[in-house]
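Peer 1: Sharing a structure below in structure tokens format, with a few things to ask.
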Amino acid sequence: QRLMKMNRSTSRPLVGSHKSAHMLIPEIYRQHWQQRWRFRVRQAALDGLYLKARLSGQLARTLTTPRVQFLYTHAIPDQYIDNVAKLLKQLARDHVFVDYGTAAAQVADATIQQPTLCFSLDDGLIVSERVLSLFDQSGIRACFFVVGGWVGVRDGVFDWAALERLRTGGHTIGAHSMTHPDMPKISLAQAQDEIGTCRDLLIRQFGVCDHFAWP
């Protein structure tokens, strides 16, 4: 059943000669187990670094050092909400949560007085009401960096009405370019157009656009 699901999700159909299908099935299995192996190795490395930092006291010192941490992601699937809630509860013991503008101002003005966190999400991907409820409960006012050309067009991306509701709820909307290009591969003029056009679009929609995240 797992192989059938993988076959349906792959862009290479299992059709054609018996030889091509015979060669493709082992490749699918290889990719699947390679991904699982990489995940487990990465997770083990992170667990090891965490344990070392905790036992040495480095973690405690880091968590109580006055500085601003910018936590960013793309989306929070519902199946991870409980884990994220536990993490935020732990971080709240030593940190204060602020909005993106406040965090940026503290860094620019060198006015950091306590451990501070702000939260941002890239691409404007839809998050569930459960995630937004968790943000409210934790006192988080996130910054949603949106791709201008995707809003209300791509599946799984917030539309303009939803973004306005986020702003009404205290969150911030920032620019993330118009089409999410690979910036090092485009010209300076194209990069300026990507950034400036997205900023202008958000200003027309909301009257303000103070923040930009590199795609």
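Residues in the structure tokens are named by chain (A, B, ... in the order shown) and by number from 1 within that chain; ligands are numbered from 1 in the order shown.
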Quick one: residues within 8 Å of Gly124 of chain A, only C-alpha atoms counted, chain neighbours fewer than 4 positions away excluded, as a ChimeraX atom specification?
Peer 2: /A:74,144-147,151,157-158
Peer 1: So that I have them on file, write out the residues from the current selection with N, CA, C and O atoms, as an mmCIF file, in the first residue's frame.
Peer 2:
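File produced: out-v1.cif:
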```cif
data_model
loop_
_atom_site.group_PDB
_atom_site.id
_atom_site.type_symbol
_atom_site.label_atom_id
_atom_site.label_comp_id
_atom_site.auth_asym_id
_atom_site.auth_seq_id
_atom_site.Cartn_x
_atom_site.Cartn_y
_atom_site.Cartn_z
ATOM 1 N N HIS A 74 7.578 27.907 7.757
ATOM 2 C CA HIS A 74 6.679 28.106 6.625
ATOM 3 C C HIS A 74 5.239 27.789 6.996
ATOM 4 O O HIS A 74 4.321 28.503 6.610
ATOM 5 N N PHE A 144 3.513 37.410 8.871
ATOM 6 C CA PHE A 144 3.298 36.504 7.743
ATOM 7 C C PHE A 144 3.879 37.153 6.487
ATOM 8 O O PHE A 144 3.344 38.145 5.994
ATOM 9 N N PHE A 145 4.980 36.596 6.002
ATOM 10 C CA PHE A 145 5.624 37.118 4.791
ATOM 11 C C PHE A 145 4.993 36.430 3.577
ATOM 12 O O PHE A 145 5.120 35.214 3.408
ATOM 13 N N VAL A 146 4.311 37.210 2.759
ATOM 14 C CA VAL A 146 3.534 36.627 1.664
ATOM 15 C C VAL A 146 4.175 36.894 0.310
ATOM 16 O O VAL A 146 4.865 37.895 0.105
ATOM 17 N N VAL A 147 3.955 35.953 -0.596
ATOM 18 C CA VAL A 147 4.382 36.105 -1.993
ATOM 19 C C VAL A 147 3.219 36.765 -2.737
ATOM 20 O O VAL A 147 2.146 36.169 -2.875
ATOM 21 N N VAL A 151 -1.084 35.215 -3.583
ATOM 22 C CA VAL A 151 -2.231 35.484 -2.710
ATOM 23 C C VAL A 151 -3.542 35.357 -3.482
ATOM 24 O O VAL A 151 -3.738 36.010 -4.508
ATOM 25 N N VAL A 157 -2.779 28.870 0.003
ATOM 26 C CA VAL A 157 -2.212 30.173 0.349
ATOM 27 C C VAL A 157 -3.345 31.107 0.776
ATOM 28 O O VAL A 157 -4.442 31.077 0.210
ATOM 29 N N PHE A 158 -3.094 31.937 1.776
ATOM 30 C CA PHE A 158 -4.095 32.888 2.246
ATOM 31 C C PHE A 158 -4.581 33.789 1.101
ATOM 32 O O PHE A 158 -3.800 34.169 0.227
#
```
Peer 1: Run DSSP on the backbone and tell me which residues of chain A come out as helix (DSSP H, G or I); list them as a PyMOL selection string.
Peer 2: chain A and resi 2-9+18-56+58-63+78-91+100-109+129-138+148-150+160-168+183-185+188-206
Peer 1: Interatomic distance between atom CA of Thr116 of chain A and atom CA of Val208 of chain A?
Peer 2: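 A separation of 24.5 Å between them.
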Peer 1: Please return as number ranges by chain: the residues of segment 27-168 of chain A that backbone DSSP assigns to strand (DSSP E).
Peer 2: A: 68-73, 96-97, 116-123, 143-146
Peer 1: Which residues come within 12 Å of Ile126 of chain A, counting only C-alpha atoms, excluding same-chain residues fewer than 3 positions away, as number ranges by chain?
Peer 2: A: 74-78, 121-123, 129-132, 144-146, 150-152, 154-160, 162-163, 166
Peer 1: List the spatial neighbours of Gly101 of chain A as a list in words - criterion: any atom at most 10 Å away, only C-alpha atoms, same-chain residues fewer than 5 positions off excluded.
Peer 2: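 Once the adjacent positions are removed, what remains is Gln106, Cys118, Cys143, Thr172, Asp210 and His211 of chain A.
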Peer 1: Keeping only N, CA, C and O atoms, take the residues you just selected and write them out as a CSV table (one decimal), in the first residue's frame.
Peer 2:
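Written file, result-v2.csv:
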```
chain,number,residue,atom,x,y,z
A,106,GLN,N,14.4,46.8,18.3
A,106,GLN,CA,15.3,46.6,19.4
A,106,GLN,C,16.7,46.2,18.9
A,106,GLN,O,17.7,46.6,19.4
A,118,CYS,N,10.5,36.7,18.5
A,118,CYS,CA,9.4,37.0,17.6
A,118,CYS,C,9.3,35.9,16.6
A,118,CYS,O,10.2,35.1,16.4
A,143,CYS,N,4.5,37.6,12.1
A,143,CYS,CA,4.6,38.3,10.8
A,143,CYS,C,4.5,37.2,9.7
A,143,CYS,O,5.3,36.3,9.7
A,172,THR,N,1.2,40.8,11.6
A,172,THR,CA,1.8,41.7,10.6
A,172,THR,C,1.9,41.0,9.3
A,172,THR,O,2.2,39.8,9.3
A,210,ASP,N,6.2,47.3,6.1
A,210,ASP,CA,7.5,47.7,6.7
A,210,ASP,C,8.5,46.7,6.7
A,210,ASP,O,9.7,46.9,7.0
A,211,HIS,N,8.2,45.4,6.3
A,211,HIS,CA,9.1,44.3,6.5
A,211,HIS,C,9.2,43.5,5.2
A,211,HIS,O,8.2,43.3,4.5
```
Peer 1: Neighbours of segment 58-61 of chain A within 12 Å (only C-alpha atoms; same-chain residues fewer than 2 positions away dropped), as number ranges by chain?
Peer 2: A: 49-56, 63-67, 90-91, 93-94, 115
Peer 1: Take the residues just selected and output them with N, CA and C atoms as a PDB file, in the first residue's frame.
Peer 2:
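Below is the file that was written, result_29.pdb:
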```pdb
ATOM      1  N   LEU A  49      23.282  17.459  20.231  1.00  0.00           N
ATOM      2  CA  LEU A  49      23.683  18.839  20.505  1.00  0.00           C
ATOM      3  C   LEU A  49      22.881  19.433  21.655  1.00  0.00           C
ATOM      4  N   TYR A  50      21.583  19.106  21.686  1.00  0.00           N
ATOM      5  CA  TYR A  50      20.732  19.603  22.769  1.00  0.00           C
ATOM      6  C   TYR A  50      21.188  19.051  24.116  1.00  0.00           C
ATOM      7  N   LEU A  51      21.457  17.749  24.166  1.00  0.00           N
ATOM      8  CA  LEU A  51      21.874  17.123  25.422  1.00  0.00           C
ATOM      9  C   LEU A  51      23.200  17.702  25.903  1.00  0.00           C
ATOM     10  N   LYS A  52      24.131  17.888  24.972  1.00  0.00           N
ATOM     11  CA  LYS A  52      25.423  18.468  25.334  1.00  0.00           C
ATOM     12  C   LYS A  52      25.261  19.874  25.902  1.00  0.00           C
ATOM     13  N   ALA A  53      24.436  20.689  25.239  1.00  0.00           N
ATOM     14  CA  ALA A  53      24.223  22.066  25.701  1.00  0.00           C
ATOM     15  C   ALA A  53      23.540  22.098  27.063  1.00  0.00           C
ATOM     16  N   ARG A  54      22.627  21.180  27.272  1.00  0.00           N
ATOM     17  CA  ARG A  54      21.905  21.161  28.539  1.00  0.00           C
ATOM     18  C   ARG A  54      22.809  20.719  29.685  1.00  0.00           C
ATOM     19  N   LEU A  55      23.600  19.673  29.476  1.00  0.00           N
ATOM     20  CA  LEU A  55      24.460  19.150  30.533  1.00  0.00           C
ATOM     21  C   LEU A  55      25.592  20.118  30.869  1.00  0.00           C
ATOM     22  N   SER A  56      26.067  20.850  29.876  1.00  0.00           N
ATOM     23  CA  SER A  56      27.178  21.777  30.103  1.00  0.00           C
ATOM     24  C   SER A  56      26.730  23.107  30.706  1.00  0.00           C
ATOM     25  N   LEU A  63      19.531  30.725  27.115  1.00  0.00           N
ATOM     26  CA  LEU A  63      18.126  31.097  27.251  1.00  0.00           C
ATOM     27  C   LEU A  63      17.920  32.338  28.114  1.00  0.00           C
ATOM     28  N   THR A  64      18.888  32.671  28.947  1.00  0.00           N
ATOM     29  CA  THR A  64      18.737  33.838  29.826  1.00  0.00           C
ATOM     30  C   THR A  64      19.571  35.035  29.369  1.00  0.00           C
ATOM     31  N   THR A  65      20.214  34.914  28.218  1.00  0.00           N
ATOM     32  CA  THR A  65      21.001  36.027  27.686  1.00  0.00           C
ATOM     33  C   THR A  65      20.097  37.036  26.985  1.00  0.00           C
ATOM     34  N   PRO A  66      20.193  38.322  27.308  1.00  0.00           N
ATOM     35  CA  PRO A  66      19.373  39.331  26.623  1.00  0.00           C
ATOM     36  C   PRO A  66      19.716  39.409  25.135  1.00  0.00           C
ATOM     37  N   ARG A  67      18.833  38.959  24.291  1.00  0.00           N
ATOM     38  CA  ARG A  67      19.015  39.024  22.853  1.00  0.00           C
ATOM     39  C   ARG A  67      17.674  38.758  22.180  1.00  0.00           C
ATOM     40  N   GLN A  90       7.740  26.371  27.163  1.00  0.00           N
ATOM     41  CA  GLN A  90       9.084  26.338  27.743  1.00  0.00           C
ATOM     42  C   GLN A  90       9.820  27.649  27.494  1.00  0.00           C
ATOM     43  N   LEU A  91       9.740  28.152  26.264  1.00  0.00           N
ATOM     44  CA  LEU A  91      10.433  29.397  25.931  1.00  0.00           C
ATOM     45  C   LEU A  91       9.866  30.580  26.702  1.00  0.00           C
ATOM     46  N   ARG A  93       9.061  30.801  29.660  1.00  0.00           N
ATOM     47  CA  ARG A  93       9.576  30.910  31.028  1.00  0.00           C
ATOM     48  C   ARG A  93      10.671  31.964  31.135  1.00  0.00           C
ATOM     49  N   ASP A  94      11.448  32.121  30.073  1.00  0.00           N
ATOM     50  CA  ASP A  94      12.587  33.035  30.113  1.00  0.00           C
ATOM     51  C   ASP A  94      12.491  34.181  29.119  1.00  0.00           C
ATOM     52  N   PRO A 115      15.728  38.439  27.232  1.00  0.00           N
ATOM     53  CA  PRO A 115      15.548  37.458  26.163  1.00  0.00           C
ATOM     54  C   PRO A 115      14.208  37.673  25.464  1.00  0.00           C
TER      55      PRO A 115
END
```
Peer 1: Residues at most 8 Å from Phe119 of chain A, counting only C-alpha atoms, excluding those fewer than 5 positions away in the same chain, as a ChimeraX atom specification?
Peer 2: /A:70-72,99-100,140-143
Peer 1: Write out as number ranges by chain each polymer residue whose atoms come within 10 Å of Leu88 of chain A, counting only C-alpha atoms; drop sequence neighbours fewer than 2 positions from it.
Peer 2: A: 82-86, 90-93, 95, 97, 134-135, 138, 140
Peer 1: Go ahead and compute the interatomic distance for atom CA of Thr102 of chain A and atom CA of Asp136 of chain A, in Å to one decimal.
Peer 2: 17.5 Å
Peer 1: Using Å and a single decimal, report how far atom CA of Ala175 of chain A sits from atom CA of Ile195 of chain A.
Peer 2: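 That distance, rounded to one decimal, is 7.4 Å.
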